[in-house]
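One file, model25.cif, is given below (mmCIF, C-alpha atoms).
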```cif
data_data
loop_
_atom_site.label_atom_id
_atom_site.label_comp_id
_atom_site.auth_asym_id
_atom_site.auth_seq_id
_atom_site.Cartn_x
_atom_site.Cartn_y
_atom_site.Cartn_z
CA MET A 223 102.55 -20.13 125.47
CA LEU A 224 98.83 -20.07 126.06
CA CYS A 225 96.45 -17.45 124.77
CA LEU A 226 93.20 -17.57 126.73
CA ARG A 227 90.34 -15.11 126.97
CA TYR A 228 86.76 -15.72 127.90
CA LEU A 229 84.00 -13.38 128.82
CA CYS A 230 81.06 -14.28 131.03
CA VAL A 231 78.93 -12.24 128.65
CA LEU A 232 78.66 -9.35 131.08
CA LEU A 233 77.00 -7.23 128.45
CA ALA A 234 74.07 -5.08 129.49
CA SER A 235 71.81 -6.79 126.96
CA PHE A 236 72.25 -10.12 128.77
CA SER A 237 72.09 -8.88 132.36
CA ALA A 238 68.46 -9.82 132.80
CA THR A 239 68.76 -13.35 131.44
CA LEU A 240 72.25 -14.55 132.27
CA SER A 241 73.40 -15.87 135.62
CA ALA A 242 77.15 -15.12 135.68
CA LYS A 243 78.02 -17.87 138.13
CA PRO A 244 76.78 -20.86 136.11
CA ALA A 245 78.08 -19.34 132.87
CA GLY A 246 81.48 -18.79 134.46
CA LEU A 247 81.49 -22.35 135.75
CA ILE A 248 80.65 -23.72 132.29
CA LEU A 249 83.42 -21.66 130.72
CA ASP A 250 85.92 -22.80 133.37
CA GLN A 251 84.99 -26.42 132.65
CA LEU A 252 85.33 -25.87 128.91
CA VAL A 253 88.82 -24.43 129.34
CA THR A 254 89.84 -27.31 131.61
CA ARG A 255 88.60 -29.86 129.10
CA CYS A 256 90.34 -28.02 126.23
CA ARG A 257 93.62 -28.36 128.10
CA GLU A 258 92.99 -32.02 128.99
CA VAL A 259 92.34 -33.14 125.41
CA GLN A 260 94.99 -30.80 123.94
CA VAL A 261 92.68 -28.66 121.84
CA ASP A 262 94.72 -26.27 119.70
CA SER A 263 92.02 -23.66 119.07
CA ALA A 264 88.52 -23.09 120.42
CA LEU A 265 86.20 -20.16 119.81
CA VAL A 266 82.64 -19.52 120.93
CA THR A 267 80.96 -16.36 119.67
CA HIS A 268 77.54 -14.77 119.95
CA ASN A 269 76.49 -11.85 117.75
CA ASP A 270 80.15 -11.17 116.92
CA ASN A 271 81.00 -11.04 120.65
CA ILE A 272 83.65 -13.50 121.80
CA ILE A 273 82.43 -15.62 124.70
CA LEU A 274 85.37 -18.01 124.78
CA GLU A 275 88.70 -17.71 123.04
CA TYR A 276 91.26 -20.45 123.64
CA SER A 277 94.52 -21.18 121.86
CA SER A 278 97.37 -23.46 122.88
CA HIS A 279 99.75 -20.93 121.31
CA ALA A 280 100.37 -17.21 121.75
CA CYS A 281 98.37 -16.51 118.58
CA TRP A 282 96.03 -18.33 116.23
CA GLN A 283 97.78 -21.05 114.26
CA PRO A 284 96.61 -21.91 110.73
CA LEU A 285 95.59 -25.56 110.92
CA ASP A 286 94.39 -28.25 108.54
CA ALA A 287 90.60 -28.16 108.58
CA GLN A 288 90.52 -31.88 107.71
CA GLY A 289 86.96 -33.05 106.97
CA MET A 290 85.53 -29.54 107.47
CA THR A 291 87.10 -28.86 104.07
CA GLY A 292 84.39 -30.93 102.39
CA ALA A 293 81.67 -28.66 103.76
CA ILE A 294 83.48 -25.65 102.29
CA THR A 295 83.89 -27.46 98.96
CA ALA A 296 80.09 -27.85 99.00
CA LEU A 297 79.81 -24.05 99.14
CA ALA A 298 81.88 -23.83 95.93
CA ILE A 299 79.42 -26.18 94.20
CA GLY A 300 76.53 -24.05 95.44
CA ILE A 301 78.08 -20.87 94.06
CA LEU A 302 78.54 -22.52 90.65
CA ILE A 303 74.90 -23.63 90.66
CA ASP A 304 73.83 -20.12 91.72
CA GLU A 305 75.79 -18.73 88.75
CA GLY A 306 74.22 -21.24 86.33
CA LYS A 307 77.57 -22.85 85.54
CA ILE A 308 76.26 -26.15 86.87
CA GLU A 309 72.70 -26.68 85.72
CA SER A 310 71.41 -28.30 88.92
CA ILE A 311 72.35 -30.47 91.83
CA ASP A 312 70.90 -33.44 89.94
CA THR A 313 73.25 -33.02 86.98
CA PRO A 314 74.93 -36.37 86.20
CA VAL A 315 78.65 -36.43 86.96
CA HIS A 316 79.30 -37.79 83.45
CA THR A 317 78.40 -34.29 82.20
CA PHE A 318 81.86 -33.28 83.42
CA PHE A 319 83.61 -36.64 83.07
CA PRO A 320 82.24 -38.41 79.96
CA GLU A 321 84.04 -41.65 80.84
CA TRP A 322 81.36 -42.16 83.49
CA ASN A 323 78.56 -42.27 80.94
CA GLN A 324 78.26 -46.04 81.34
CA SER A 325 76.62 -48.64 83.60
CA ASN A 326 75.70 -47.51 87.10
CA LYS A 327 78.22 -44.66 87.09
CA ALA A 328 75.98 -42.91 84.58
CA ARG A 329 73.37 -42.65 87.36
CA ILE A 330 75.63 -40.82 89.82
CA THR A 331 74.73 -37.15 90.20
CA VAL A 332 76.34 -34.15 91.87
CA ARG A 333 73.77 -34.65 94.64
CA ASP A 334 75.08 -38.18 95.23
CA LEU A 335 78.62 -36.90 95.71
CA LEU A 336 77.37 -34.26 98.16
CA ALA A 337 75.06 -36.64 100.02
CA ASN A 338 77.61 -39.49 100.22
CA THR A 339 75.25 -41.74 98.24
CA SER A 340 77.42 -42.34 95.16
CA GLY A 341 78.09 -46.01 95.99
CA LEU A 342 81.79 -45.68 95.11
CA TYR A 343 84.11 -48.12 96.82
CA PHE A 344 86.04 -46.70 99.79
CA GLU A 345 87.97 -49.02 102.06
CA GLY A 346 87.49 -46.77 105.09
CA SER A 347 91.02 -45.40 105.47
CA LEU A 348 92.29 -42.11 104.09
CA ASP A 349 95.69 -43.77 103.65
CA GLU A 350 94.31 -45.35 100.47
CA ILE A 351 93.62 -41.89 99.06
CA HIS A 352 96.87 -40.32 100.22
CA ARG A 353 98.87 -43.13 98.59
CA ALA A 354 97.33 -42.39 95.19
CA PRO A 355 99.36 -39.94 93.05
CA ASN A 356 96.15 -38.67 91.39
CA CYS A 357 93.07 -38.58 93.62
CA VAL A 358 90.79 -37.55 90.73
CA GLN A 359 91.71 -40.54 88.58
CA GLN A 360 91.44 -42.72 91.68
CA ALA A 361 87.84 -41.56 92.16
CA LEU A 362 86.98 -41.93 88.49
CA CYS A 363 88.37 -45.48 88.43
CA ALA A 364 86.73 -46.58 91.70
CA GLU A 365 84.30 -49.47 91.49
CA ILE A 366 80.61 -49.12 92.29
CA VAL A 367 79.76 -51.32 95.26
CA ASP A 368 76.30 -49.90 96.06
CA LEU A 369 73.64 -48.60 93.73
CA PRO A 370 73.72 -44.79 93.65
CA GLY A 371 71.25 -43.32 96.11
CA CYS A 372 70.74 -46.57 98.04
CA CYS A 373 73.38 -46.25 100.76
CA CYS A 374 74.64 -43.27 102.74
CA ARG A 375 78.31 -43.77 103.64
CA TYR A 376 81.00 -41.12 104.05
CA ASN A 377 83.00 -41.19 100.81
CA PRO A 378 85.99 -38.86 100.46
CA LYS A 379 86.65 -40.11 96.92
CA GLY A 380 83.39 -38.55 95.82
CA ILE A 381 84.22 -35.32 97.66
CA ASN A 382 87.57 -35.13 95.86
CA LEU A 383 85.65 -35.44 92.61
CA LEU A 384 83.58 -32.39 93.61
CA ALA A 385 86.78 -30.32 93.79
CA ALA A 386 87.68 -31.60 90.32
CA ILE A 387 84.23 -30.56 89.04
CA VAL A 388 84.82 -27.05 90.40
CA GLU A 389 88.08 -26.88 88.46
CA ARG A 390 86.59 -28.32 85.29
CA VAL A 391 83.63 -25.91 85.34
CA SER A 392 85.36 -22.72 86.52
CA GLY A 393 88.81 -23.24 85.04
CA GLN A 394 90.28 -22.62 88.50
CA GLN A 395 91.35 -24.92 91.29
CA VAL A 396 88.89 -24.91 94.17
CA SER A 397 91.20 -22.78 96.36
CA GLN A 398 91.58 -20.11 93.66
CA PHE A 399 87.85 -20.15 92.93
CA LEU A 400 86.92 -19.81 96.59
CA ARG A 401 89.55 -17.14 97.18
CA GLY A 402 87.67 -14.77 94.87
CA LYS A 403 84.14 -15.93 95.63
CA LEU A 404 84.29 -16.64 99.38
CA PHE A 405 87.54 -16.00 101.26
CA GLU A 406 88.23 -12.45 100.06
CA PRO A 407 84.61 -11.21 100.40
CA LEU A 408 84.58 -12.57 103.98
CA GLY A 409 88.03 -11.17 104.78
CA CYS A 410 89.51 -14.64 105.35
CA ALA A 411 93.27 -15.09 105.03
CA TYR A 412 93.95 -17.88 102.55
CA MET A 413 96.73 -20.02 104.06
CA GLY A 414 96.99 -23.00 101.71
CA TRP A 415 95.37 -26.18 100.43
CA LEU A 416 97.23 -29.47 100.15
CA THR A 417 97.45 -31.26 96.80
CA ASP A 418 98.28 -34.77 95.66
CA THR A 419 101.51 -35.36 93.75
CA HIS A 420 99.68 -34.68 90.47
CA GLY A 421 98.66 -31.22 91.71
CA ASN A 422 94.96 -31.90 92.40
CA GLU A 423 93.60 -30.15 95.47
CA TYR A 424 91.73 -32.52 97.78
CA GLY A 425 88.06 -31.70 98.23
CA MET A 426 87.78 -33.95 101.28
CA SER A 427 90.32 -32.19 103.53
CA HIS A 428 93.55 -30.20 103.84
CA LEU A 429 92.34 -26.61 103.59
CA VAL A 430 94.61 -24.72 106.01
CA ILE A 431 92.71 -22.01 107.88
CA HIS A 432 92.57 -20.00 111.12
CA ALA A 433 89.79 -20.54 113.67
CA PRO A 434 88.52 -16.91 113.41
CA ASP A 435 88.10 -17.35 109.65
CA LEU A 436 86.04 -20.49 110.20
CA ILE A 437 83.82 -18.39 112.46
CA LYS A 438 83.25 -16.05 109.50
CA ILE A 439 82.16 -18.99 107.33
CA GLY A 440 79.82 -20.05 110.14
CA LYS A 441 78.36 -16.55 110.26
CA LEU A 442 77.73 -16.74 106.50
CA ILE A 443 75.74 -19.95 107.09
CA GLU A 444 73.87 -18.35 110.01
CA GLN A 445 72.98 -15.36 107.80
CA GLU A 446 71.74 -17.67 105.04
CA GLY A 447 74.52 -16.74 102.63
CA MET A 448 74.43 -12.97 103.20
CA TRP A 449 77.57 -10.98 104.07
CA ASN A 450 77.67 -7.20 104.55
CA GLY A 451 74.54 -6.77 102.46
CA LYS A 452 75.75 -8.99 99.62
CA GLN A 453 74.43 -12.48 98.83
CA ILE A 454 77.65 -14.57 98.65
CA VAL A 455 75.81 -17.90 98.47
CA SER A 456 72.09 -18.14 97.72
CA LYS A 457 69.65 -18.60 100.58
CA LYS A 458 68.25 -21.58 98.65
CA TRP A 459 71.63 -23.34 98.70
CA ILE A 460 72.16 -22.72 102.42
CA GLN A 461 68.72 -24.16 103.11
CA LEU A 462 69.49 -27.17 100.92
CA ILE A 463 72.76 -28.08 102.65
CA SER A 464 70.99 -27.58 105.99
CA SER A 465 68.35 -30.22 105.22
CA PRO A 466 68.66 -34.04 105.16
CA GLY A 467 70.36 -34.92 101.86
CA GLN A 468 68.81 -38.39 101.53
CA SER A 469 66.12 -40.54 103.15
CA LEU A 470 68.38 -42.88 105.16
CA ASN A 471 69.89 -40.59 107.79
CA PRO A 472 68.33 -37.30 108.95
CA TYR A 473 71.63 -36.14 110.42
CA MET A 474 73.42 -36.02 107.07
CA GLY A 475 72.94 -32.89 104.98
CA LEU A 476 75.03 -32.12 101.90
CA LEU A 477 78.51 -32.47 103.44
CA TRP A 478 77.18 -30.58 106.46
CA TYR A 479 76.00 -32.54 109.51
CA LEU A 480 72.69 -31.68 111.14
CA ASP A 481 71.15 -31.90 114.58
CA PHE A 482 67.50 -31.37 115.38
CA LYS A 483 65.63 -30.45 118.54
CA THR A 484 63.51 -33.56 118.00
CA VAL A 485 63.38 -36.51 115.65
CA GLU A 486 60.16 -38.52 115.66
CA PHE A 487 60.41 -42.11 114.45
CA TRP A 488 58.20 -45.15 114.05
CA TRP A 489 57.80 -48.49 112.29
CA ASP A 490 54.84 -49.46 110.13
CA GLU A 491 53.91 -52.61 108.23
CA PRO A 492 55.27 -51.54 104.80
CA LEU A 493 58.70 -50.88 106.33
CA LEU A 494 58.66 -54.14 108.30
CA CYS A 495 57.76 -56.02 105.11
CA GLN A 496 60.75 -54.36 103.45
CA TYR A 497 62.93 -55.54 106.35
CA GLN A 498 61.56 -59.05 105.96
CA LYS A 499 62.33 -59.17 102.23
CA LYS A 500 65.90 -58.01 102.85
CA GLY A 501 66.52 -60.70 105.50
CA VAL A 502 66.30 -58.84 108.81
CA SER A 503 66.07 -61.42 111.60
CA PRO A 504 62.52 -62.57 112.52
CA HIS A 505 63.27 -61.87 116.19
CA THR A 506 64.03 -58.22 115.43
CA ILE A 507 60.96 -57.86 113.24
CA ALA A 508 58.79 -59.34 116.00
CA LEU A 509 60.20 -56.82 118.50
CA LEU A 510 59.54 -53.92 116.16
CA ARG A 511 56.05 -55.19 115.36
CA SER A 512 55.27 -54.90 119.06
CA LEU A 513 56.15 -51.19 118.79
CA GLN A 514 53.85 -50.52 115.83
CA GLY A 515 51.30 -47.78 116.30
CA ARG A 516 53.61 -45.74 118.52
CA VAL A 517 55.62 -42.67 117.59
CA PHE A 518 58.83 -42.19 119.57
CA THR A 519 60.75 -38.97 120.05
CA SER A 520 64.49 -38.55 120.29
CA TYR A 521 65.89 -35.31 121.67
CA LYS A 522 69.56 -36.05 121.04
CA ALA A 523 71.55 -37.93 118.43
CA TYR A 524 73.36 -40.98 119.80
CA MET A 525 76.64 -41.99 118.17
CA SER A 526 77.04 -45.53 116.88
CA ARG A 527 79.75 -47.19 114.83
CA CYS A 528 77.65 -46.36 111.76
CA GLY A 529 77.26 -42.70 112.69
CA PRO A 530 74.57 -40.78 114.58
CA THR A 531 71.29 -42.54 115.27
CA PHE A 532 67.98 -41.34 116.70
CA LEU A 533 67.10 -44.41 118.81
CA ASN A 534 66.13 -43.23 122.29
CA GLU A 535 66.68 -44.99 125.61
CA GLU A 536 63.20 -46.55 125.66
CA VAL A 537 63.60 -48.17 122.23
CA ILE A 538 67.17 -49.27 123.02
CA ALA A 539 65.81 -51.05 126.10
CA GLN A 540 63.02 -52.65 124.02
CA LEU A 541 65.65 -53.96 121.59
CA GLY A 542 67.52 -55.64 124.43
CA GLY A 543 70.05 -53.02 125.50
CA ALA A 544 72.89 -51.04 123.97
CA GLU A 545 74.75 -53.99 122.43
CA ALA A 546 71.62 -55.41 120.79
CA ALA A 547 70.64 -51.96 119.53
CA ALA A 548 74.10 -51.43 118.05
CA HIS A 549 73.79 -54.77 116.25
CA PHE A 550 70.36 -53.72 114.94
CA VAL A 551 71.72 -50.41 113.62
CA LYS A 552 74.64 -52.11 111.87
CA GLU A 553 72.39 -54.82 110.38
CA LEU A 554 70.11 -52.22 108.77
CA TYR A 555 73.07 -50.09 107.71
CA ASP A 556 74.70 -53.04 105.96
CA LEU A 557 71.42 -53.94 104.26
CA HIS A 558 70.94 -50.30 103.08
CA LEU A 559 67.67 -50.03 104.97
CA PRO A 560 66.32 -46.98 106.83
CA LEU A 561 66.50 -47.27 110.60
CA ALA A 562 62.83 -46.31 110.85
CA ASN A 563 60.34 -43.94 109.33
CA TRP A 564 61.26 -40.49 110.62
CA ARG A 565 60.47 -36.81 110.52
CA VAL A 566 62.56 -34.02 111.96
CA GLY A 567 61.64 -31.09 114.15
CA ALA A 568 63.30 -27.68 114.27
CA LEU A 569 66.95 -27.48 113.33
CA ARG A 570 69.26 -27.20 116.34
CA SER A 571 72.65 -26.98 114.64
CA VAL A 572 74.47 -27.20 111.33
CA ARG A 573 78.06 -28.36 111.49
CA ALA A 574 81.15 -29.05 109.46
CA ARG A 575 83.14 -31.93 110.95
CA GLY A 576 86.61 -33.43 110.69
CA ILE A 577 88.68 -36.12 112.38
CA ASN A 578 89.64 -35.75 116.04
CA GLY A 579 86.55 -33.70 116.77
CA GLN A 580 87.35 -30.69 114.60
CA GLU A 581 84.12 -28.78 114.16
CA LEU A 582 82.50 -25.60 112.99
CA VAL A 583 79.00 -25.45 114.50
CA VAL A 584 76.25 -22.95 113.77
CA TYR A 585 73.23 -22.78 116.09
CA PRO A 586 70.49 -21.15 113.95
CA GLY A 587 68.33 -18.65 115.76
CA THR A 588 70.75 -18.23 118.67
CA LYS A 589 73.54 -16.31 116.84
CA VAL A 590 76.01 -18.71 118.51
CA ILE A 591 78.88 -20.12 116.43
CA THR A 592 81.66 -22.38 117.69
CA VAL A 593 84.93 -23.67 116.28
CA ARG A 594 87.39 -26.17 117.68
CA GLN A 595 90.53 -27.43 116.00
CA ILE A 596 92.86 -30.22 117.05
CA ARG A 597 96.01 -31.23 115.21
CA GLY A 598 96.12 -34.72 113.74
CA ARG A 599 96.69 -37.33 116.42
CA GLU A 600 95.30 -40.76 117.13
CA CYS A 601 92.01 -40.82 118.98
CA PHE A 602 90.44 -44.06 120.14
CA THR A 603 86.93 -42.91 121.01
CA PRO A 604 84.11 -44.58 118.97
CA ASP A 605 83.51 -41.52 116.77
CA GLY A 606 87.12 -40.32 116.75
CA ASP A 607 86.35 -37.29 118.94
CA PRO A 608 88.49 -36.81 122.09
CA PHE A 609 86.12 -34.09 123.30
CA PRO A 610 82.58 -35.40 122.52
CA ASP A 611 81.04 -33.36 125.35
CA PHE A 612 82.18 -29.98 123.94
CA ASN A 613 78.77 -29.28 122.43
CA ASP A 614 77.02 -30.29 125.67
CA TYR A 615 78.85 -27.44 127.42
CA VAL A 616 77.85 -25.10 124.59
CA HIS A 617 74.19 -26.18 124.90
CA ASP A 618 74.34 -25.43 128.63
CA LEU A 619 75.83 -22.03 127.87
CA ILE A 620 73.08 -21.26 125.35
CA HIS A 621 70.48 -22.21 127.97
CA CYS A 622 72.21 -19.90 130.48
CA MET A 623 71.93 -17.08 127.96
CA ASP A 624 68.27 -18.00 127.35
CA LEU A 625 68.84 -18.07 123.59
CA TYR A 626 66.82 -21.20 122.80
CA ARG A 627 63.30 -20.16 121.85
#
```
Rewrite the structure of this file - the entire thing - as structure tokens.
Amino acid sequence: MLCLRYLCVLLASFSATLSAKPAGLILDQLVTRCREVQVDSALVTHNDNIILEYSSHACWQPLDAQGMTGAITALAIGILIDEGKIESIDTPVHTFFPEWNQSNKARITVRDLLANTSGLYFEGSLDEIHRAPNCVQQALCAEIVDLPGCCCRYNPKGINLLAAIVERVSGQQVSQFLRGKLFEPLGCAYMGWLTDTHGNEYGMSHLVIHAPDLIKIGKLIEQEGMWNGKQIVSKKWIQLISSPGQSLNPYMGLLWYLDFKTVEFWWDEPLLCQYQKKGVSPHTIALLRSLQGRVFTSYKAYMSRCGPTFLNEEVIAQLGGAEAAAHFVKELYDLHLPLANWRVGALRSVRARGINGQELVVYPGTKVITVRQIRGRECFTPDGDPFPDFNDYVHDLIHCMDLYR
């Protein structure tokens, strides 16, 4: 059965700014696309009002949040820091696991685990992690392949270690800790959290949760950690996870992904000299040198095999087209070099992401929050999202409601 409800926001407060026809058309298209890509749950809310409510079943099904789980694990770390049980985000991980007080592992901090800059080896498939009977020991025994802080690559082993830190510091598994500190205060129904065969809860994924409860977590982010007059997570922590977590990729916060209204980027001589020393091709350096003195602006993140990038169409053309630009991005990514010098504009969205396009997205300043959940199935799009245009529809809807200021 299908449960479907969407409102064209026919509230009196919107009557002056909202054209019902285009909003209705956008919502119709969203529903059609949800059906086409077999979305299980989709919710769009504004100021606690439901704009779109879609479920492939008669009622909300609790589903595996997949990679969105990591973003929620990050909230547990923030609460422990707020309570003084973890001294700071820059506390070395060996504080909790003394066996890491050696070689380059001694340099890895809690920040590195949150920012995906630990340098731990990860082969790129979650199968490796799921095969391990003890994901914590697997993470502790992983080799260092990049110097901590020098490379930003998604690393679920490090995220699993964050869940283990929560347990070691609080004496509770991450689900039990968050039940008292987050889920119950927000009125979320705790549905379960998958463990490995040793009993460790994964920090990277496998929290089971309803879409409406994810909306509540999004509202907590939108309200900078405040819920019903009580500060659940500090404003400082919400601001920290909503800012770039390292200098290599502006779109990566601390296990939360970011999007900005603008990203300005440029190349200068010191950066080009750094490229030269690391072995970037002379042809590429010559092309970039011809762009020196100019500041470019990107208004939308473009997905590449290495994640979101801020190259705009003009620069892509200067580099020789999409294929050449993709090669350039991968070359710098593999060499652990920044794509360019950059600075970000106003924040457009903060999002928790998982495989198959699962997302919780908060649009600060607009009071709009969206959730979409899709059960695990193979997806062959470049970024693993069968519905990459979902947020484009939401942006159009926000424009219809005249919420962007």
Neighbours of Val583 in chain A within 12 Å (only C-alpha atoms; same-chain residues fewer than 3 positions away dropped), as number ranges by chain?
-> A: 264-267, 290, 293, 433, 436-444, 464, 478-481, 570-576, 579-580, 586, 588-595, 612-613, 616-617
**Study point:** Selection result of the PyMOL selection byres ((chain A and resi 509-523) around 9) on this file, as a VMD selection string
**Key:** chain A and resid 473 481 to 491 494 504 to 508 524 to 525 530 to 537 540 to 541
If you count all atoms listed in the file, the residue of A:Asn377, A:Asn338, A:Gln445, A:Gln395 closest to Pro466 in chain A turns out to be A:Asn338
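Minimum atom-to-atom distance to Lys379 in chain A, evaluated using only C-alpha atoms, belongs to A:Gly341 out of A:Gly567, A:Gly451, A:Gly341, A:Pro472.
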Enclose all atoms of range 256-259 of chain A listed in the file in an axis-aligned box, grow every side by 4 Å, and hand back centre and edge lengths in Å to one decimal, as JSON.
```
{"center_x": 92.0, "center_y": -30.6, "center_z": 127.2, "size_x": 11.3, "size_y": 13.1, "size_z": 11.6}
```
